[in-house]
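Data file: structure-v2.txt. Format and content: compact mmCIF, C-alpha atoms and all ligand atoms.
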# COMPACT_ATOMS: atom_id res chain seq x y z
CA MET A 1 58.89 -72.59 19.12
CA THR A 2 62.25 -74.39 19.39
CA VAL A 3 64.96 -72.59 17.47
CA LEU A 4 67.38 -75.07 15.92
CA LYS A 5 71.01 -74.03 15.90
CA GLY A 6 72.90 -74.50 12.66
CA ALA A 7 76.55 -74.33 11.60
CA LEU A 8 77.46 -73.39 8.03
CA ILE A 9 80.62 -74.63 6.30
CA GLY A 10 81.86 -72.78 3.20
CA CYS A 11 81.36 -69.01 3.19
CA GLY A 12 81.74 -68.38 -0.55
CA PHE A 13 79.68 -66.86 -3.36
CA PHE A 14 76.44 -68.77 -2.81
CA ALA A 15 76.54 -69.18 0.98
CA VAL A 16 75.68 -65.49 1.34
CA ASN A 17 72.20 -66.29 -0.06
CA GLN A 18 71.86 -69.18 2.37
CA LEU A 19 72.83 -67.00 5.32
CA HIS A 20 70.33 -64.29 4.32
CA ALA A 21 67.66 -66.98 3.99
CA TRP A 22 68.49 -68.50 7.40
CA LYS A 23 67.70 -65.10 8.93
CA ASP A 24 64.18 -65.33 7.43
CA VAL A 25 63.53 -69.02 8.21
CA ARG A 26 61.19 -69.72 11.14
CA GLY A 27 62.64 -72.08 13.74
CA ALA A 28 66.36 -72.01 12.94
CA GLY A 29 69.40 -69.75 12.97
CA ILE A 30 73.12 -70.04 12.21
CA VAL A 31 75.35 -69.89 15.31
CA ALA A 32 78.76 -70.84 13.82
CA ILE A 33 80.53 -70.62 10.47
CA CYS A 34 83.58 -72.33 9.00
CA ASP A 35 85.78 -71.60 5.99
CA ARG A 36 89.38 -72.52 5.34
CA ASP A 37 89.84 -69.09 3.73
CA PRO A 38 90.30 -66.57 6.60
CA GLU A 39 89.29 -63.66 4.38
CA ARG A 40 85.90 -65.20 3.50
CA LEU A 41 85.40 -66.14 7.15
CA LYS A 42 85.91 -62.53 8.24
CA ILE A 43 83.80 -60.94 5.49
CA VAL A 44 80.85 -63.26 6.06
CA GLY A 45 81.19 -63.39 9.87
CA ASP A 46 81.19 -59.58 10.03
CA GLN A 47 78.33 -59.23 7.50
CA PHE A 48 76.02 -61.59 9.43
CA GLY A 49 77.28 -60.86 12.95
CA ILE A 50 78.39 -64.44 13.67
CA ASP A 51 81.20 -64.64 16.25
CA ARG A 52 81.86 -68.39 16.37
CA ARG A 53 84.26 -68.79 13.42
CA TYR A 54 86.38 -71.83 12.44
CA GLY A 55 89.06 -72.40 9.80
CA ASP A 56 88.74 -76.16 10.14
CA ALA A 57 85.61 -78.33 10.13
CA GLU A 58 87.07 -80.90 12.60
CA ALA A 59 87.46 -78.10 15.17
CA LEU A 60 83.90 -76.91 14.51
CA PHE A 61 82.47 -80.39 15.16
CA ALA A 62 84.76 -80.90 18.18
CA ASP A 63 83.28 -77.78 19.79
CA GLY A 64 79.73 -78.76 18.78
CA GLY A 65 76.75 -76.83 20.16
CA PHE A 66 74.65 -77.01 16.98
CA ASP A 67 71.72 -79.16 15.82
CA PHE A 68 72.50 -79.34 12.09
CA VAL A 69 75.20 -78.44 9.58
CA ASP A 70 74.71 -76.67 6.24
CA ILE A 71 77.53 -77.62 3.84
CA ALA A 72 77.94 -74.89 1.21
CA THR A 73 81.41 -75.77 -0.10
CA THR A 74 82.12 -76.89 -3.67
CA VAL A 75 81.80 -80.56 -4.57
CA GLN A 76 85.40 -81.66 -3.82
CA SER A 77 84.79 -81.55 -0.06
CA HIS A 78 81.18 -82.81 0.05
CA ARG A 79 81.89 -86.48 0.79
CA PHE A 80 84.50 -85.66 3.43
CA LEU A 81 82.21 -83.19 5.21
CA VAL A 82 78.99 -85.25 4.98
CA GLU A 83 80.81 -88.26 6.42
CA MET A 84 82.18 -86.02 9.18
CA ALA A 85 78.62 -84.94 9.99
CA ALA A 86 77.56 -88.61 10.05
CA ARG A 87 80.42 -89.55 12.42
CA ASN A 88 79.31 -86.73 14.73
CA LYS A 89 75.62 -87.68 14.34
CA VAL A 90 74.70 -84.17 13.16
CA PRO A 91 71.84 -83.84 10.57
CA ALA A 92 73.25 -82.38 7.34
CA ILE A 93 72.29 -80.31 4.33
CA CYS A 94 74.73 -80.60 1.41
CA GLN A 95 74.86 -78.30 -1.62
CA LYS A 96 74.55 -79.70 -5.14
CA PRO A 97 76.27 -81.31 -6.97
CA PHE A 98 75.98 -83.77 -4.11
CA ALA A 99 79.15 -85.70 -4.98
CA LYS A 100 81.84 -86.19 -7.58
CA THR A 101 80.59 -89.67 -8.55
CA LEU A 102 77.46 -91.76 -8.03
CA SER A 103 79.39 -94.26 -5.93
CA ASP A 104 80.52 -91.43 -3.61
CA ALA A 105 76.91 -90.23 -3.42
CA LYS A 106 75.69 -93.72 -2.49
CA ALA A 107 78.37 -93.99 0.22
CA MET A 108 77.29 -90.60 1.66
CA VAL A 109 73.63 -91.65 1.82
CA GLU A 110 74.65 -94.94 3.44
CA ALA A 111 76.84 -93.19 6.04
CA CYS A 112 73.96 -90.91 7.09
CA ARG A 113 71.46 -93.78 7.10
CA ASN A 114 73.78 -95.85 9.36
CA ALA A 115 74.27 -92.85 11.65
CA GLY A 116 70.49 -92.33 11.79
CA ILE A 117 70.72 -88.68 10.71
CA PRO A 118 68.57 -86.80 8.17
CA LEU A 119 70.43 -85.74 5.02
CA MET A 120 69.03 -83.24 2.52
CA VAL A 121 70.64 -82.10 -0.72
CA HIS A 122 70.27 -78.35 -1.32
CA GLU A 123 68.57 -78.98 -4.69
CA ASN A 124 66.56 -75.78 -4.62
CA PHE A 125 65.32 -75.31 -8.20
CA ARG A 126 62.21 -77.48 -7.69
CA TRP A 127 61.29 -75.05 -4.89
CA GLN A 128 61.08 -72.07 -7.25
CA THR A 129 57.61 -70.47 -7.23
CA PRO A 130 57.03 -70.97 -11.01
CA ILE A 131 58.10 -74.64 -10.84
CA GLN A 132 55.82 -75.26 -7.85
CA ALA A 133 52.99 -73.60 -9.82
CA VAL A 134 53.52 -76.00 -12.74
CA GLY A 135 53.47 -78.96 -10.31
CA LYS A 136 50.23 -77.72 -8.73
CA ALA A 137 48.54 -77.23 -12.13
CA LEU A 138 49.48 -80.79 -13.12
CA ASP A 139 48.35 -82.21 -9.75
CA SER A 140 44.98 -80.46 -10.14
CA ASN A 141 44.47 -82.61 -13.26
CA ALA A 142 44.19 -79.47 -15.42
CA ILE A 143 45.67 -81.24 -18.47
CA GLY A 144 44.87 -84.90 -17.73
CA THR A 145 47.74 -87.36 -18.06
CA PRO A 146 50.98 -85.78 -19.31
CA PHE A 147 52.62 -87.66 -22.17
CA TRP A 148 55.36 -85.20 -23.26
CA GLY A 149 57.47 -82.46 -21.71
CA ARG A 150 60.28 -80.03 -22.37
CA PHE A 151 62.41 -78.49 -19.63
CA SER A 152 64.59 -75.79 -21.12
CA PHE A 153 67.29 -73.47 -19.79
CA ARG A 154 69.00 -71.51 -22.59
CA SER A 155 71.10 -68.45 -21.79
CA ALA A 156 74.30 -66.52 -22.48
CA TYR A 157 74.55 -65.11 -18.94
CA ASP A 158 78.11 -64.73 -17.65
CA VAL A 159 78.12 -67.22 -14.78
CA PHE A 160 81.92 -67.36 -14.77
CA SER A 161 82.41 -63.95 -13.16
CA GLY A 162 80.68 -65.04 -9.93
CA GLN A 163 81.77 -68.69 -10.11
CA PRO A 164 85.16 -68.83 -11.90
CA TYR A 165 85.57 -72.56 -11.11
CA LEU A 166 82.79 -73.30 -13.60
CA ALA A 167 85.17 -72.54 -16.47
CA GLU A 168 87.83 -74.91 -15.17
CA GLY A 169 86.21 -78.35 -14.79
CA GLU A 170 86.21 -81.11 -17.43
CA ARG A 171 82.44 -81.19 -16.83
CA PHE A 172 80.32 -78.05 -16.81
CA ILE A 173 76.71 -77.50 -17.76
CA ILE A 174 75.13 -80.89 -16.97
CA GLU A 175 76.95 -81.22 -13.65
CA ASP A 176 76.31 -77.62 -12.53
CA LEU A 177 73.05 -76.45 -14.09
CA GLY A 178 71.55 -79.42 -15.96
CA ILE A 179 71.45 -81.23 -12.61
CA HIS A 180 68.73 -78.76 -11.56
CA THR A 181 66.84 -79.13 -14.85
CA LEU A 182 66.99 -82.93 -14.65
CA ASP A 183 65.72 -82.73 -11.07
CA ILE A 184 62.79 -80.55 -12.22
CA ALA A 185 61.97 -83.08 -14.96
CA ARG A 186 61.90 -85.87 -12.33
CA TYR A 187 59.88 -83.72 -9.94
CA ILE A 188 57.24 -82.93 -12.57
CA LEU A 189 57.08 -86.11 -14.68
CA GLY A 190 58.48 -88.74 -12.30
CA ASP A 191 61.47 -91.05 -12.28
CA VAL A 192 63.38 -91.94 -15.40
CA ARG A 193 63.91 -95.37 -16.94
CA SER A 194 66.47 -94.52 -19.64
CA LEU A 195 68.21 -91.53 -21.15
CA THR A 196 70.06 -90.44 -24.30
CA ALA A 197 72.25 -87.31 -24.39
CA ARG A 198 74.34 -85.19 -26.75
CA THR A 199 76.74 -82.45 -25.61
CA LYS A 200 78.83 -79.67 -27.17
CA ARG A 201 81.32 -77.03 -26.11
CA VAL A 202 80.72 -73.75 -27.98
CA ASN A 203 82.66 -71.30 -25.77
CA PRO A 204 86.39 -71.94 -26.46
CA ALA A 205 87.42 -70.19 -23.21
CA ILE A 206 86.07 -72.97 -20.96
CA LYS A 207 87.03 -76.62 -20.51
CA GLY A 208 83.69 -78.42 -20.18
CA GLU A 209 80.51 -78.72 -22.27
CA ASP A 210 78.20 -75.70 -22.35
CA VAL A 211 75.34 -77.23 -24.37
CA ALA A 212 73.43 -80.45 -23.70
CA THR A 213 70.30 -82.06 -25.13
CA ILE A 214 68.90 -84.98 -23.16
CA LEU A 215 66.00 -87.28 -24.04
CA LEU A 216 64.31 -88.93 -21.04
CA ASP A 217 62.01 -91.99 -20.96
CA HIS A 218 59.99 -91.63 -17.75
CA GLU A 219 58.74 -94.69 -15.86
CA ASN A 220 55.11 -93.55 -16.37
CA GLY A 221 55.55 -93.70 -20.15
CA ALA A 222 55.99 -89.94 -20.72
CA THR A 223 58.87 -88.67 -22.86
CA SER A 224 60.69 -85.43 -22.14
CA VAL A 225 63.53 -83.32 -23.43
CA VAL A 226 65.90 -81.47 -21.10
CA ASP A 227 67.87 -78.89 -23.07
CA VAL A 228 70.41 -76.59 -21.46
CA SER A 229 72.82 -74.07 -22.94
CA TYR A 230 75.07 -71.22 -21.85
CA ALA A 231 75.88 -70.44 -25.50
CA THR A 232 72.46 -69.10 -26.50
CA LYS A 233 72.32 -65.36 -27.17
CA LEU A 234 68.71 -64.17 -27.13
CA SER A 235 67.11 -60.74 -27.58
CA ARG A 236 65.85 -60.90 -23.96
CA GLU A 237 68.19 -62.81 -21.61
CA PRO A 238 66.10 -65.34 -19.64
CA PHE A 239 68.64 -66.24 -16.89
CA PRO A 240 67.87 -67.97 -14.57
CA GLU A 241 64.43 -69.08 -15.80
CA THR A 242 63.60 -72.70 -16.59
CA LEU A 243 60.92 -72.77 -19.30
CA ILE A 244 58.52 -75.71 -19.36
CA GLU A 245 56.17 -77.22 -21.94
CA LEU A 246 53.85 -80.07 -21.00
CA ASP A 247 51.34 -81.80 -23.25
CA GLY A 248 48.65 -83.92 -21.60
CA SER A 249 45.65 -85.99 -22.66
CA GLU A 250 43.28 -83.07 -21.83
CA GLY A 251 45.39 -79.96 -22.47
CA THR A 252 48.73 -78.21 -22.25
CA ILE A 253 50.82 -76.20 -19.78
CA ARG A 254 53.39 -73.62 -20.82
CA LEU A 255 55.72 -71.82 -18.39
CA THR A 256 56.92 -68.93 -20.51
CA GLN A 257 59.73 -66.40 -20.22
CA GLY A 258 58.78 -63.65 -17.75
CA TYR A 259 57.07 -66.15 -15.41
CA GLY A 260 53.77 -66.58 -17.23
CA LEU A 261 51.87 -69.83 -16.65
CA GLN A 262 49.47 -70.73 -19.44
CA VAL A 263 47.04 -73.63 -18.99
CA THR A 264 44.89 -74.69 -21.94
CA ASN A 265 42.13 -77.29 -21.72
CA ALA A 266 38.47 -77.77 -22.68
CA LYS A 267 37.53 -74.73 -20.58
CA GLY A 268 39.86 -72.44 -22.60
CA THR A 269 43.18 -70.83 -21.72
CA THR A 270 44.11 -69.19 -18.43
CA THR A 271 47.28 -67.17 -18.01
CA THR A 272 48.65 -66.49 -14.53
CA ASP A 273 51.62 -64.48 -13.32
CA VAL A 274 53.75 -66.89 -11.27
CA SER A 275 56.66 -64.51 -10.62
CA PRO A 276 58.80 -65.20 -7.58
CA LYS A 277 58.77 -62.72 -4.70
CA LEU A 278 61.63 -60.24 -4.51
CA LEU A 279 62.78 -60.91 -0.93
CA SER A 280 64.21 -57.93 0.98
CA TRP A 281 67.81 -59.15 0.50
CA ALA A 282 67.38 -60.46 -3.05
CA SER A 283 68.37 -58.89 -6.37
CA ARG A 284 67.19 -59.45 -9.95
CA PRO A 285 67.64 -61.67 -11.89
CA TRP A 286 68.72 -63.99 -9.03
CA HIS A 287 65.54 -63.45 -6.98
CA ASN A 288 63.91 -66.59 -8.37
CA ILE A 289 66.81 -68.74 -7.11
CA GLN A 290 67.11 -66.72 -3.89
CA GLU A 291 63.45 -67.25 -2.99
CA SER A 292 63.87 -71.00 -3.57
CA VAL A 293 66.84 -71.02 -1.16
CA TYR A 294 64.57 -69.63 1.54
CA ALA A 295 61.86 -72.18 0.63
CA ILE A 296 64.13 -75.24 0.78
CA GLN A 297 65.70 -74.13 4.06
CA GLN A 298 62.25 -73.59 5.62
CA HIS A 299 61.33 -77.08 4.34
CA TRP A 300 64.45 -78.49 6.07
CA VAL A 301 63.28 -77.10 9.43
CA ASP A 302 59.61 -78.02 8.94
CA GLN A 303 60.44 -81.65 8.11
CA LEU A 304 62.94 -81.93 10.98
CA GLU A 305 60.21 -80.75 13.34
CA SER A 306 57.59 -83.15 11.99
CA GLY A 307 60.02 -86.05 11.45
CA ALA A 308 58.91 -86.39 7.79
CA GLN A 309 61.19 -87.11 4.79
CA HIS A 310 62.73 -84.18 2.92
CA SER A 311 61.65 -83.69 -0.68
CA THR A 312 65.28 -83.69 -1.83
CA SER A 313 66.67 -86.20 0.68
CA GLY A 314 70.04 -87.79 -0.08
CA ALA A 315 68.22 -90.94 -1.21
CA ASP A 316 65.95 -88.93 -3.55
CA ASN A 317 68.93 -87.05 -4.98
CA LEU A 318 70.69 -90.29 -5.98
CA LYS A 319 68.02 -90.59 -8.70
CA THR A 320 68.82 -87.10 -10.01
CA PHE A 321 72.56 -87.64 -9.70
CA ALA A 322 72.27 -90.90 -11.69
CA LEU A 323 70.78 -88.84 -14.55
CA VAL A 324 73.86 -86.60 -14.56
CA GLU A 325 76.21 -89.57 -14.74
CA ALA A 326 74.04 -91.28 -17.34
CA ALA A 327 73.99 -88.14 -19.50
CA TYR A 328 77.80 -87.92 -19.59
CA ASP A 329 78.05 -91.64 -20.25
CA SER A 330 75.47 -91.48 -23.04
CA ALA A 331 77.15 -88.50 -24.71
CA ALA A 332 80.56 -90.17 -24.53
CA ARG A 333 79.38 -93.54 -25.90
CA GLY A 334 76.59 -92.37 -28.20
CA GLN A 335 74.25 -94.88 -26.51
CA THR A 336 71.04 -94.94 -24.52
CA ILE A 337 71.66 -95.62 -20.82
CA ASP A 338 69.49 -97.79 -18.56
CA VAL A 339 69.18 -95.52 -15.51
CA GLY A 340 67.41 -98.07 -13.31
CA ALA A 341 70.44 -100.37 -13.54
CA MET A 342 72.66 -97.65 -12.03
CA LEU A 343 70.68 -97.35 -8.79
P1 LIG B 401 82.87 -70.74 -3.67
O1 LIG B 401 84.14 -71.30 -4.19
O2 LIG B 401 82.58 -69.29 -3.89
O3 LIG B 401 82.73 -70.99 -2.11
C1 LIG B 401 83.10 -72.19 -1.50
C2 LIG B 401 83.74 -71.84 -0.16
O4 LIG B 401 83.98 -73.06 0.55
C3 LIG B 401 85.08 -71.13 -0.29
O5 LIG B 401 85.08 -69.95 0.48
C4 LIG B 401 86.10 -72.16 0.23
O6 LIG B 401 87.20 -71.57 0.89
C5 LIG B 401 85.25 -72.97 1.19
N1 LIG B 401 85.73 -74.36 1.40
C6 LIG B 401 85.99 -75.30 0.46
N2 LIG B 401 86.35 -76.46 1.04
C7 LIG B 401 86.30 -76.27 2.38
C8 LIG B 401 86.53 -77.09 3.50
N3 LIG B 401 86.91 -78.37 3.37
N4 LIG B 401 86.38 -76.57 4.73
C9 LIG B 401 86.00 -75.27 4.89
N5 LIG B 401 85.78 -74.43 3.87
C10 LIG B 401 85.90 -74.92 2.62
O7 LIG B 401 81.71 -71.65 -4.30
P2 LIG B 401 80.17 -71.26 -4.51
O8 LIG B 401 80.01 -70.65 -5.84
O9 LIG B 401 79.67 -70.56 -3.31
O10 LIG B 401 79.53 -72.72 -4.61
C11 LIG B 401 79.41 -73.54 -3.49
C12 LIG B 401 78.46 -74.68 -3.83
O11 LIG B 401 77.18 -74.13 -4.09
C13 LIG B 401 78.84 -75.46 -5.09
O12 LIG B 401 78.65 -76.83 -4.87
C14 LIG B 401 77.89 -74.92 -6.16
O13 LIG B 401 77.57 -75.86 -7.17
C15 LIG B 401 76.68 -74.61 -5.33
N6 LIG B 401 75.80 -73.58 -5.90
C16 LIG B 401 74.48 -73.84 -5.82
C17 LIG B 401 73.58 -72.94 -6.33
C18 LIG B 401 72.11 -73.28 -6.21
O14 LIG B 401 71.26 -72.59 -6.71
N7 LIG B 401 71.79 -74.36 -5.52
C19 LIG B 401 74.02 -71.77 -6.94
C20 LIG B 401 75.39 -71.51 -6.97
C21 LIG B 401 76.28 -72.43 -6.43
O1 LIG B 402 72.74 -73.21 -9.55
C1 LIG B 402 73.92 -73.15 -9.73
O2 LIG B 402 74.62 -74.02 -9.27
C2 LIG B 402 74.61 -71.98 -10.38
C3 LIG B 402 73.97 -71.34 -11.56
C4 LIG B 402 72.49 -71.08 -11.43
C5 LIG B 402 74.65 -70.06 -11.92
O3 LIG B 402 74.20 -72.22 -12.60
O4 LIG B 402 75.90 -72.39 -10.75
Could I get this structure in the form of structure tokens?
Amino acid sequence: MTVLKGALIGCGFFAVNQLHAWKDVRGAGIVAICDRDPERLKIVGDQFGIDRRYGDAEALFADGGFDFVDIATTVQSHRFLVEMAARNKVPAICQKPFAKTLSDAKAMVEACRNAGIPLMVHENFRWQTPIQAVGKALDSNAIGTPFWGRFSFRSAYDVFSGQPYLAEGERFIIEDLGIHTLDIARYILGDVRSLTARTKRVNPAIKGEDVATILLDHENGATSVVDVSYATKLSREPFPETLIELDGSEGTIRLTQGYGLQVTNAKGTTTTDVSPKLLSWASRPWHNIQESVYAIQQHWVDQLESGAQHSTSGADNLKTFALVEAAYDSAARGQTIDVGAML
């Protein structure tokens, strides 16, 4: 089997998961890393035994010798680095949030399309084992036609210790976490016609909103609610589980805390354990996310080999990113936003 060579840019908090996952992925490996912070470059280079190290992305691309680039920096550099990949005709993966604005995101997709290179957004939450299980149950027609859904992520987990920048932005939960939940809602119930949102900041120590409630009108006529909060103190902390409720013409699906999948229809109720695997390098409670990192990276390689579209291609992610922008716009103006008109 051909082994694709990858370069990874941005050796911070989350990239460590990506590098572990690349070691497990069939058909690819990371041969070079880049970070403008020499300390991170050394720590990560030593940990994963990668000798080709760069402090500057231009120098990395100038040296070349890799088949794809995995951009794991924070959002400020995404457009710059994706366009650099396009100029160098190197297929690219870019972490979420894909861009700072929808117009930047559209320009990035256009640049890669013009360069003829595949572009995938590392939108990994839809690849979580429990989310895939919900999708499969729905596809098997277990509950008929879904007409209502709820996609919920409510927690008081301290995300700021690992990712201090999350406390500093004008925007927080929709841009960072709700983006995943909105993507799951699209993945399960299809694209969205219009959206209405309300936001709040409960934690006085951060700048952005930490609570959001979003009502989605899906193109297929279903209605769903995406509700996300980092201000919700529960007896049993659910981080980082997304809980799902779906009502359909023939039954219901519930993805409950602790990774239980309950399907009820005319045949009765079945309950299945859909827990993610604890990979050798993973740790609880992050293992659910960590397994999905492996899954999306394997998908990247599989689709490159077959020439098929990626599930979370840049073009697909524009439709998720539009929901993020629409949610902020709706909350600011107190109005329902026509999402189709933004695309
Ligand atoms: P981080 O700040 O810990 O790491 C980013 C690294 O990129 C830093 O080491 C920084 O020096 C480097 N960097 C920034 N700009 C650069 C440039 N132009 N050239 C070279 N190096 C550069 O951030 P993080 O917490 O690892 O987050 C990175 C991205 O991953 C963010 O977009 C975040 O939203 C995303 N993330 C995704 C998930 C997920 O499940 N998909 C989870 C956590 C974080
Ligand atoms: O997925 C993310 O981007 C992370 C976390 C799960 C902690 O919100 O920031």
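Excluding A:Arg113 and any residue on its chain fewer than 2 positions from it, the residues at most 12 Å away by only C-alpha atoms are Val82, Glu83, Ala85, Ala86, Arg87, Lys89, Val90, Pro91, Ala92, Lys106, Ala107, Met108, Val109, Glu110, Ala111, Ala115, Gly116, Ile117, Pro118, Leu119, Met120, Ser313, Gly314 and Ala315 of chain A.
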Output as JSON lines one row per residue of chain A within 8 Å of ligand LIG 402 (chain B): the closest atom pair and its distance in Å to one decimal place, counting all atoms listed in the file, sorted by chain and residue number ascending.
{"residue": "A:Lys96", "atom": "CA", "partner": "B:LIG402", "partner_atom": "O2", "distance": 7.0}
{"residue": "A:Pro97", "atom": "CA", "partner": "B:LIG402", "partner_atom": "O2", "distance": 7.8}
{"residue": "A:Phe125", "atom": "CA", "partner": "B:LIG402", "partner_atom": "O1", "distance": 7.8}
{"residue": "A:Val159", "atom": "CA", "partner": "B:LIG402", "partner_atom": "C5", "distance": 5.3}
{"residue": "A:Gln163", "atom": "CA", "partner": "B:LIG402", "partner_atom": "O4", "distance": 7.0}
{"residue": "A:Leu166", "atom": "CA", "partner": "B:LIG402", "partner_atom": "O4", "distance": 7.5}
{"residue": "A:Ile173", "atom": "CA", "partner": "B:LIG402", "partner_atom": "O3", "distance": 7.8}
{"residue": "A:Asp176", "atom": "CA", "partner": "B:LIG402", "partner_atom": "O2", "distance": 5.1}
{"residue": "A:Leu177", "atom": "CA", "partner": "B:LIG402", "partner_atom": "O3", "distance": 4.6}
{"residue": "A:His180", "atom": "CA", "partner": "B:LIG402", "partner_atom": "O1", "distance": 7.1}
{"residue": "A:Pro240", "atom": "CA", "partner": "B:LIG402", "partner_atom": "C4", "distance": 6.4}
{"residue": "A:Ile289", "atom": "CA", "partner": "B:LIG402", "partner_atom": "C4", "distance": 7.5}
Can you write just those residues out, C-alpha atoms, as a CSV table (one decimal), in the frame of the given file?
chain,number,residue,atom,x,y,z
A,96,LYS,CA,74.6,-79.7,-5.1
A,97,PRO,CA,76.3,-81.3,-7.0
A,125,PHE,CA,65.3,-75.3,-8.2
A,159,VAL,CA,78.1,-67.2,-14.8
A,163,GLN,CA,81.8,-68.7,-10.1
A,166,LEU,CA,82.8,-73.3,-13.6
A,173,ILE,CA,76.7,-77.5,-17.8
A,176,ASP,CA,76.3,-77.6,-12.5
A,177,LEU,CA,73.0,-76.4,-14.1
A,180,HIS,CA,68.7,-78.8,-11.6
A,240,PRO,CA,67.9,-68.0,-14.6
A,289,ILE,CA,66.8,-68.7,-7.1
What are the closest atom pairs, with distances in Å to one decimal, for each residue of chain A lying within 7 Å of ligand LIG 401 (chain B), using only C-alpha atoms and all ligand atoms, rows by chain and rising residue number, as CSV?
residue,atom,partner,partner_atom,distance
A:Ile9,CA,B:LIG401,C9,5.6
A:Gly10,CA,B:LIG401,O4,3.4
A:Cys11,CA,B:LIG401,O5,4.7
A:Gly12,CA,B:LIG401,O3,3.2
A:Phe13,CA,B:LIG401,O9,3.7
A:Phe14,CA,B:LIG401,O9,3.7
A:Ala15,CA,B:LIG401,O9,5.5
A:Cys34,CA,B:LIG401,C9,5.6
A:Asp35,CA,B:LIG401,N5,3.5
A:Arg36,CA,B:LIG401,N5,4.3
A:Asp37,CA,B:LIG401,O6,4.6
A:Arg40,CA,B:LIG401,O5,5.7
A:Gly55,CA,B:LIG401,C9,6.5
A:Asp56,CA,B:LIG401,N4,5.9
A:Ala57,CA,B:LIG401,N4,5.7
A:Ala72,CA,B:LIG401,C12,5.1
A:Thr73,CA,B:LIG401,O4,3.8
A:Thr74,CA,B:LIG401,O12,3.7
A:Val75,CA,B:LIG401,O12,4.9
A:Ser77,CA,B:LIG401,N3,5.1
A:Leu81,CA,B:LIG401,N3,7.0
A:Gln95,CA,B:LIG401,O12,5.2
A:Lys96,CA,B:LIG401,O12,5.0
A:Pro97,CA,B:LIG401,O12,5.5
A:His122,CA,B:LIG401,N7,6.0
A:Glu123,CA,B:LIG401,N7,5.7
A:Asn124,CA,B:LIG401,N7,5.5
A:Phe125,CA,B:LIG401,O14,6.7
A:Gly162,CA,B:LIG401,O8,7.0
A:Gln163,CA,B:LIG401,O8,5.0
A:Asp176,CA,B:LIG401,O13,5.8
A:Ile289,CA,B:LIG401,O14,5.9
Local residues around (68.7, -71.8, -17.6), at most 12 Å away, using all atoms listed in the file, as a VMD selection string:
chain A and resid 125 151 to 159 173 to 174 176 to 182 184 210 to 212 226 to 232 237 to 244 257 285 to 286 288 to 289
Under the rule that only C-alpha atoms are counted, which of A:Asn17, A:Ile143, A:Leu4, A:Ala331 is the nearest residue to A:Lys267?
A:Ile143
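Between atom CA of A:Gly6 and atom CA of A:Gln128 there is a distance of 23.3 Å.
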Atom CA of A:Tyr259 and atom CA of A:Gln290, how far apart in Å?
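For atom CA of A:Gln290 relative to atom CA of A:Tyr259, the distance reads 15.3 Å.
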Suppose you want the space between atom CA of A:Thr199 and atom CA of A:Thr213; what is it in Å?
6.5 Å
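Shortest separation to A:Ala133 among A:Ile93, A:Val25, A:Leu323, A:Leu255 occurs at residue A:Leu255, atoms counted being only C-alpha atoms.
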